[in-house]
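Undergrad: Contents are PDB, C-alpha atoms; file name input-v2.pdb:
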ATOM      1  CA  MET A 341       0.000   0.000   0.000  1.00  0.00           C
ATOM      2  CA  ASN A 342       1.411   3.341  -0.982  1.00  0.00           C
ATOM      3  CA  LYS A 343       1.326   5.641   2.009  1.00  0.00           C
ATOM      4  CA  LYS A 344       0.859   9.323   1.231  1.00  0.00           C
ATOM      5  CA  LEU A 345       2.743  11.624   3.600  1.00  0.00           C
ATOM      6  CA  ASP A 346       0.793  14.580   4.897  1.00  0.00           C
ATOM      7  CA  ALA A 347       2.119  18.032   5.693  1.00  0.00           C
ATOM      8  CA  ASN A 348       2.162  17.232   9.386  1.00  0.00           C
ATOM      9  CA  TYR A 349       4.831  14.576   8.772  1.00  0.00           C
ATOM     10  CA  TYR A 350       7.193  17.139   7.339  1.00  0.00           C
ATOM     11  CA  SER A 351       6.426  19.826   9.887  1.00  0.00           C
ATOM     12  CA  LYS A 352       7.016  17.388  12.767  1.00  0.00           C
ATOM     13  CA  LEU A 353      10.234  16.225  11.124  1.00  0.00           C
ATOM     14  CA  LEU A 354      11.414  19.803  10.700  1.00  0.00           C
ATOM     15  CA  GLU A 355      10.666  20.544  14.345  1.00  0.00           C
ATOM     16  CA  LEU A 356      12.639  17.476  15.342  1.00  0.00           C
ATOM     17  CA  GLN A 357      15.578  18.597  13.193  1.00  0.00           C
ATOM     18  CA  GLN A 358      15.503  22.048  14.744  1.00  0.00           C
ATOM     19  CA  LEU A 359      15.574  20.568  18.224  1.00  0.00           C
ATOM     20  CA  ASP A 360      18.357  18.165  17.306  1.00  0.00           C
ATOM     21  CA  PHE A 361      20.510  20.907  15.811  1.00  0.00           C
ATOM     22  CA  ALA A 362      20.117  23.118  18.863  1.00  0.00           C
ATOM     23  CA  LEU A 363      21.035  20.159  21.058  1.00  0.00           C
ATOM     24  CA  VAL A 364      24.164  19.480  19.027  1.00  0.00           C
ATOM     25  CA  GLU A 365      25.200  23.126  19.314  1.00  0.00           C
ATOM     26  CA  LEU A 366      24.584  23.196  23.036  1.00  0.00           C
ATOM     27  CA  THR A 367      26.448  19.923  23.546  1.00  0.00           C
ATOM     28  CA  LEU A 368      29.530  21.278  21.814  1.00  0.00           C
ATOM     29  CA  TYR A 369      29.207  24.534  23.728  1.00  0.00           C
ATOM     30  CA  LEU A 370      28.860  22.767  27.074  1.00  0.00           C
ATOM     31  CA  ASP A 371      31.930  20.640  26.370  1.00  0.00           C
ATOM     32  CA  THR A 372      33.989  23.794  26.764  1.00  0.00           C
ATOM     33  CA  HIS A 373      31.716  25.595  29.240  1.00  0.00           C
ATOM     34  CA  PRO A 374      30.833  22.940  31.829  1.00  0.00           C
ATOM     35  CA  ASN A 375      29.685  25.393  34.475  1.00  0.00           C
ATOM     36  CA  ASP A 376      27.282  27.466  32.377  1.00  0.00           C
ATOM     37  CA  LEU A 377      24.133  26.774  34.395  1.00  0.00           C
ATOM     38  CA  GLN A 378      21.771  28.621  32.059  1.00  0.00           C
ATOM     39  CA  ALA A 379      22.961  26.609  29.059  1.00  0.00           C
ATOM     40  CA  ILE A 380      22.596  23.344  30.974  1.00  0.00           C
ATOM     41  CA  GLN A 381      19.025  24.224  31.915  1.00  0.00           C
ATOM     42  CA  GLN A 382      18.289  25.049  28.292  1.00  0.00           C
ATOM     43  CA  PHE A 383      19.908  21.794  27.213  1.00  0.00           C
ATOM     44  CA  ASN A 384      17.803  19.695  29.577  1.00  0.00           C
ATOM     45  CA  GLN A 385      14.675  21.563  28.583  1.00  0.00           C
ATOM     46  CA  LEU A 386      15.345  20.995  24.875  1.00  0.00           C
ATOM     47  CA  ALA A 387      16.234  17.353  25.489  1.00  0.00           C
ATOM     48  CA  GLN A 388      12.865  16.838  27.144  1.00  0.00           C
ATOM     49  CA  GLN A 389      11.097  18.647  24.315  1.00  0.00           C
ATOM     50  CA  ARG A 390      12.967  16.504  21.808  1.00  0.00           C
ATOM     51  CA  GLN A 391      11.864  13.346  23.588  1.00  0.00           C
ATOM     52  CA  GLN A 392       8.213  14.379  23.521  1.00  0.00           C
ATOM     53  CA  CYS A 393       8.411  15.448  19.872  1.00  0.00           C
ATOM     54  CA  ALA A 394      10.086  12.176  18.851  1.00  0.00           C
ATOM     55  CA  HIS A 395       7.555  10.151  20.858  1.00  0.00           C
ATOM     56  CA  GLN A 396       4.655  11.916  19.162  1.00  0.00           C
ATOM     57  CA  PHE A 397       6.218  11.356  15.776  1.00  0.00           C
ATOM     58  CA  GLU A 398       6.853   7.688  16.411  1.00  0.00           C
ATOM     59  CA  MET A 399       3.338   7.080  17.689  1.00  0.00           C
ATOM     60  CA  GLN A 400       1.969   8.526  14.501  1.00  0.00           C
ATOM     61  CA  TYR A 401       4.434   7.521  11.786  1.00  0.00           C
ATOM     62  CA  GLY A 402       6.499   4.638  13.091  1.00  0.00           C
ATOM     63  CA  PRO A 403       9.983   4.189  14.550  1.00  0.00           C
ATOM     64  CA  LEU A 404      12.730   6.699  13.906  1.00  0.00           C
ATOM     65  CA  LEU A 405      15.624   4.608  15.215  1.00  0.00           C
ATOM     66  CA  GLN A 406      16.382   0.930  15.361  1.00  0.00           C
ATOM     67  CA  PHE A 407      17.977  -1.675  17.615  1.00  0.00           C
ATOM     68  CA  GLY A 408      15.769  -0.839  20.567  1.00  0.00           C
ATOM     69  CA  HIS A 409      15.978   2.932  20.394  1.00  0.00           C
ATOM     70  CA  SER A 410      12.375   3.083  19.136  1.00  0.00           C
ATOM     71  CA  TYR A 411       9.266   1.027  19.719  1.00  0.00           C
ATOM     72  CA  SER A 412       7.293  -0.602  16.931  1.00  0.00           C
ATOM     73  CA  LYS A 413       3.619  -1.435  16.550  1.00  0.00           C
ATOM     74  CA  TYR A 414       2.272  -4.643  15.085  1.00  0.00           C
ATOM     75  CA  PRO A 415       3.133  -5.601  12.326  1.00  0.00           C
ATOM     76  CA  TRP A 416       6.845  -4.747  12.373  1.00  0.00           C
ATOM     77  CA  GLN A 417       7.108  -1.196  11.084  1.00  0.00           C
ATOM     78  CA  TRP A 418      10.785  -0.917  10.400  1.00  0.00           C
ATOM     79  CA  ILE A 419      10.513  -2.450   6.937  1.00  0.00           C
ATOM     80  CA  GLU A 420       7.765  -0.026   5.894  1.00  0.00           C
ATOM     81  CA  THR A 421       8.332   2.805   3.442  1.00  0.00           C
ATOM     82  CA  PRO A 422       9.249   5.614   3.319  1.00  0.00           C
ATOM     83  CA  TRP A 423      12.917   5.195   4.050  1.00  0.00           C
ATOM     84  CA  PRO A 424      14.914   8.270   5.092  1.00  0.00           C
ATOM     85  CA  TRP A 425      16.228   8.910   1.620  1.00  0.00           C
ATOM     86  CA  GLN A 426      12.708   8.662   0.162  1.00  0.00           C
ATOM     87  CA  VAL A 427      11.226  11.273   2.439  1.00  0.00           C
TER      88      VAL A 427
ATOM     89  CA  MET B 427      33.716  42.807  18.880  1.00  0.00           C
ATOM     90  CA  MET B 428      31.013  42.722  16.222  1.00  0.00           C
ATOM     91  CA  VAL B 429      32.769  42.989  12.859  1.00  0.00           C
ATOM     92  CA  ASN B 430      30.000  43.379  10.316  1.00  0.00           C
ATOM     93  CA  LYS B 431      32.137  43.173   7.205  1.00  0.00           C
ATOM     94  CA  GLN B 432      33.674  39.731   7.250  1.00  0.00           C
ATOM     95  CA  THR B 433      35.749  40.045   4.114  1.00  0.00           C
ATOM     96  CA  ARG B 434      39.214  41.533   3.608  1.00  0.00           C
ATOM     97  CA  ASP B 435      40.624  42.576   0.258  1.00  0.00           C
ATOM     98  CA  TRP B 436      44.027  42.420  -1.320  1.00  0.00           C
ATOM     99  CA  TYR B 437      45.185  43.762  -4.643  1.00  0.00           C
ATOM    100  CA  PRO B 438      47.270  41.438  -6.887  1.00  0.00           C
ATOM    101  CA  PHE B 439      50.031  42.932  -8.998  1.00  0.00           C
ATOM    102  CA  VAL B 440      48.803  43.565 -12.554  1.00  0.00           C
ATOM    103  CA  GLY B 441      51.577  43.658 -15.176  1.00  0.00           C
ATOM    104  CA  PRO B 442      51.592  44.325 -18.939  1.00  0.00           C
ATOM    105  CA  PHE B 443      52.556  40.713 -19.734  1.00  0.00           C
ATOM    106  CA  ASP B 444      49.971  38.931 -17.580  1.00  0.00           C
ATOM    107  CA  PRO B 445      48.823  35.737 -19.358  1.00  0.00           C
ATOM    108  CA  CYS B 446      45.197  36.094 -18.202  1.00  0.00           C
ATOM    109  CA  PRO B 447      42.822  39.050 -17.832  1.00  0.00           C
ATOM    110  CA  PRO B 448      43.800  41.003 -14.701  1.00  0.00           C
ATOM    111  CA  ILE B 449      41.992  40.583 -11.390  1.00  0.00           C
ATOM    112  CA  TYR B 450      42.260  43.925  -9.565  1.00  0.00           C
ATOM    113  CA  VAL B 451      40.914  42.996  -6.155  1.00  0.00           C
ATOM    114  CA  LYS B 452      40.570  39.641  -4.473  1.00  0.00           C
ATOM    115  CA  SER B 453      38.647  39.273  -1.215  1.00  0.00           C
ATOM    116  CA  TYR B 454      38.629  36.543   1.411  1.00  0.00           C
ATOM    117  CA  TYR B 455      36.558  35.818   4.484  1.00  0.00           C
ATOM    118  CA  VAL B 456      37.717  36.167   8.080  1.00  0.00           C
ATOM    119  CA  PRO B 457      34.976  34.387  10.053  1.00  0.00           C
ATOM    120  CA  PRO B 458      33.801  35.891  13.355  1.00  0.00           C
ATOM    121  CA  ASN B 459      35.215  33.058  15.409  1.00  0.00           C
ATOM    122  CA  GLN B 460      38.681  34.448  14.699  1.00  0.00           C
ATOM    123  CA  TYR B 461      37.770  37.514  16.740  1.00  0.00           C
ATOM    124  CA  ILE B 462      36.462  35.600  19.758  1.00  0.00           C
ATOM    125  CA  PRO B 463      39.262  33.754  21.609  1.00  0.00           C
ATOM    126  CA  PHE B 464      36.873  32.120  24.074  1.00  0.00           C
ATOM    127  CA  GLN B 465      33.118  32.190  23.623  1.00  0.00           C
ATOM    128  CA  PRO B 466      31.602  34.192  26.519  1.00  0.00           C
ATOM    129  CA  MET B 467      28.674  32.799  28.481  1.00  0.00           C
ATOM    130  CA  GLY B 468      25.156  33.977  27.941  1.00  0.00           C
ATOM    131  CA  LEU B 469      25.583  35.103  24.356  1.00  0.00           C
ATOM    132  CA  GLN B 470      22.429  36.117  22.535  1.00  0.00           C
ATOM    133  CA  GLN B 471      20.869  33.208  20.620  1.00  0.00           C
ATOM    134  CA  PHE B 472      18.880  32.709  17.403  1.00  0.00           C
ATOM    135  CA  SER B 473      15.457  31.106  17.525  1.00  0.00           C
ATOM    136  CA  LEU B 474      15.572  27.347  16.841  1.00  0.00           C
ATOM    137  CA  GLN B 475      14.146  27.750  13.356  1.00  0.00           C
ATOM    138  CA  GLU B 476      16.754  30.342  12.394  1.00  0.00           C
ATOM    139  CA  ALA B 477      19.548  28.362  14.060  1.00  0.00           C
ATOM    140  CA  LEU B 478      18.883  25.321  11.898  1.00  0.00           C
ATOM    141  CA  ARG B 479      18.656  27.412   8.740  1.00  0.00           C
ATOM    142  CA  LEU B 480      21.687  29.595   9.411  1.00  0.00           C
ATOM    143  CA  GLY B 481      23.879  26.856  10.799  1.00  0.00           C
ATOM    144  CA  THR B 482      24.682  28.304  14.204  1.00  0.00           C
ATOM    145  CA  LEU B 483      22.889  29.049  17.458  1.00  0.00           C
ATOM    146  CA  TRP B 484      24.701  32.371  18.069  1.00  0.00           C
ATOM    147  CA  PRO B 485      24.420  35.468  15.855  1.00  0.00           C
ATOM    148  CA  ALA B 486      27.904  36.538  16.999  1.00  0.00           C
ATOM    149  CA  LEU B 487      29.366  33.470  15.271  1.00  0.00           C
ATOM    150  CA  TYR B 488      27.227  33.584  12.144  1.00  0.00           C
ATOM    151  CA  SER B 489      29.192  33.805   8.904  1.00  0.00           C
ATOM    152  CA  PRO B 490      27.121  33.900   5.695  1.00  0.00           C
ATOM    153  CA  TYR B 491      30.077  33.031   3.424  1.00  0.00           C
ATOM    154  CA  GLU B 492      28.068  33.842   0.320  1.00  0.00           C
ATOM    155  CA  SER B 493      29.182  32.202  -2.909  1.00  0.00           C
ATOM    156  CA  LYS B 494      30.990  34.454  -5.370  1.00  0.00           C
ATOM    157  CA  CYS B 495      29.935  32.529  -8.472  1.00  0.00           C
ATOM    158  CA  GLY B 496      27.783  34.536 -10.830  1.00  0.00           C
ATOM    159  CA  LYS B 497      29.322  37.823  -9.670  1.00  0.00           C
ATOM    160  CA  GLY B 498      31.684  38.092 -12.652  1.00  0.00           C
ATOM    161  CA  ALA B 499      35.467  37.722 -12.653  1.00  0.00           C
ATOM    162  CA  GLY B 500      36.057  41.329 -11.666  1.00  0.00           C
ATOM    163  CA  ASN B 501      36.280  40.945  -7.922  1.00  0.00           C
ATOM    164  CA  GLU B 502      36.519  37.181  -7.615  1.00  0.00           C
TER     165      GLU B 502
END
With the file now loaded, output its structure as structure tokens.
TA:
Amino acid sequence: MNKKLDANYYSKLLELQQLDFALVELTLYLDTHPNDLQAIQQFNQLAQQRQQCAHQFEMQYGPLLQFGHSYSKYPWQWIETPWPWQV
Amino acid sequence: MMVNKQTRDWYPFVGPFDPCPPIYVKSYYVPPNQYIPFQPMGLQQFSLQEALRLGTLWPALYSPYESKCGKGAGNE
């Protein structure tokens, strides 16, 4: 069955990418600024947001990661399209 | 600290026997991170959307590095 992706898929994915990028930046920043409390609070806040956003996405569109980093519904969703390069 | 113009120019020697058409000014980029020895805490940040698009979380470190192609050979 050919699944049509709706606009929400892309907007959720974009939000996830934004969160991930900010987390990467903050991680690199905190490597050299371990005692910046404000940045650590922001990092933890964004990490929590990222978890919720990823959970929402996975509940709706299937697992993002493999090998136990994401859950899967029945039947096994990992082999479903679209694959990352098809999105 | 905020250097708005990120490019510097230099002027190659142009001689009568140059094999190719002369280039009078060449410019190169000096990114903002060269001016900041150690990133201070509590710098102003972009919004998440802008950060992803522009490639950095901090305006102070943003370097557009526009491409020069299509701007003619004059100031390449």
Undergrad: Residues of chain B within 7 Å of chain A, using all atoms listed in the file, as JSON, numbers by chain?
TA: {"B": [467, 474, 475, 478, 483]}
Undergrad: Do a neighbour search on Tyr437 of chain B at 8 Å with only C-alpha atoms, toss out local chain neighbours closer than 6 positions, and write the hits as number ranges by chain.
TA: B: 450-452
Undergrad: Taking every listed atom of segment 440-451 of chain B and adding 6 Å to each side, what centre and edge lengths in Å (one decimal) does the axis-aligned box have, as lines of an AutoDock Vina configuration file?
TA:
center_x = 46.7
center_y = 40.0
center_z = -12.9
size_x = 23.6
size_y = 20.6
size_z = 25.6
Undergrad: Using atom CA of Phe407 of chain A and atom CA of Lys352 of chain A as the two end points, give the distance in Å to one decimal.
TA: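 Value for the atom CA of Phe407 of chain A-atom CA of Lys352 of chain A distance: 22.5 Å.
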Undergrad: Report as a list in words all protein, DNA and RNA residues lying within 12 Å of Lys431 of chain B, evaluated on all atoms listed in the file, omitting residues in the same chain fewer than 2 positions from it.
TA: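 Neighbouring residues, sequence-local ones excluded: Met427, Met428, Val429, Thr433, Arg434, Asp435, Ser453, Tyr454, Tyr455, Val456, Pro457, Pro458, Tyr488, Ser489, Pro490 and Tyr491 of chain B.
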Undergrad: What lies within 12 Å of Gly402 of chain A using only C-alpha atoms, ignoring chain neighbours under 2 positions off, as a PyMOL selection string?
TA: chain A and resi 349+394-400+404-406+410-423
Undergrad: Only C-alpha atoms, please: the residues just picked out, written as a PDB file, in the frame of the given file.
TA:
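Contents of part_17.pdb, freshly written:
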ATOM      1  CA  TYR A 349       4.831  14.576   8.772  1.00  0.00           C
ATOM      2  CA  ALA A 394      10.086  12.176  18.851  1.00  0.00           C
ATOM      3  CA  HIS A 395       7.555  10.151  20.858  1.00  0.00           C
ATOM      4  CA  GLN A 396       4.655  11.916  19.162  1.00  0.00           C
ATOM      5  CA  PHE A 397       6.218  11.356  15.776  1.00  0.00           C
ATOM      6  CA  GLU A 398       6.853   7.688  16.411  1.00  0.00           C
ATOM      7  CA  MET A 399       3.338   7.080  17.689  1.00  0.00           C
ATOM      8  CA  GLN A 400       1.969   8.526  14.501  1.00  0.00           C
ATOM      9  CA  LEU A 404      12.730   6.699  13.906  1.00  0.00           C
ATOM     10  CA  LEU A 405      15.624   4.608  15.215  1.00  0.00           C
ATOM     11  CA  GLN A 406      16.382   0.930  15.361  1.00  0.00           C
ATOM     12  CA  SER A 410      12.375   3.083  19.136  1.00  0.00           C
ATOM     13  CA  TYR A 411       9.266   1.027  19.719  1.00  0.00           C
ATOM     14  CA  SER A 412       7.293  -0.602  16.931  1.00  0.00           C
ATOM     15  CA  LYS A 413       3.619  -1.435  16.550  1.00  0.00           C
ATOM     16  CA  TYR A 414       2.272  -4.643  15.085  1.00  0.00           C
ATOM     17  CA  PRO A 415       3.133  -5.601  12.326  1.00  0.00           C
ATOM     18  CA  TRP A 416       6.845  -4.747  12.373  1.00  0.00           C
ATOM     19  CA  GLN A 417       7.108  -1.196  11.084  1.00  0.00           C
ATOM     20  CA  TRP A 418      10.785  -0.917  10.400  1.00  0.00           C
ATOM     21  CA  ILE A 419      10.513  -2.450   6.937  1.00  0.00           C
ATOM     22  CA  GLU A 420       7.765  -0.026   5.894  1.00  0.00           C
ATOM     23  CA  THR A 421       8.332   2.805   3.442  1.00  0.00           C
ATOM     24  CA  PRO A 422       9.249   5.614   3.319  1.00  0.00           C
ATOM     25  CA  TRP A 423      12.917   5.195   4.050  1.00  0.00           C
TER      26      TRP A 423
END
Undergrad: Between atom CA of Gln470 of chain B and atom CA of Ala486 of chain B, measure the distance and give it in Å to one decimal.
TA: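 Between atom CA of Gln470 of chain B and atom CA of Ala486 of chain B the gap is 7.8 Å.
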Undergrad: If I take atom CA of Gln381 of chain A and atom CA of Gln465 of chain B, how far is one from the other in Å, to one decimal?
TA: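 Interatomic distance here is 18.2 Å.
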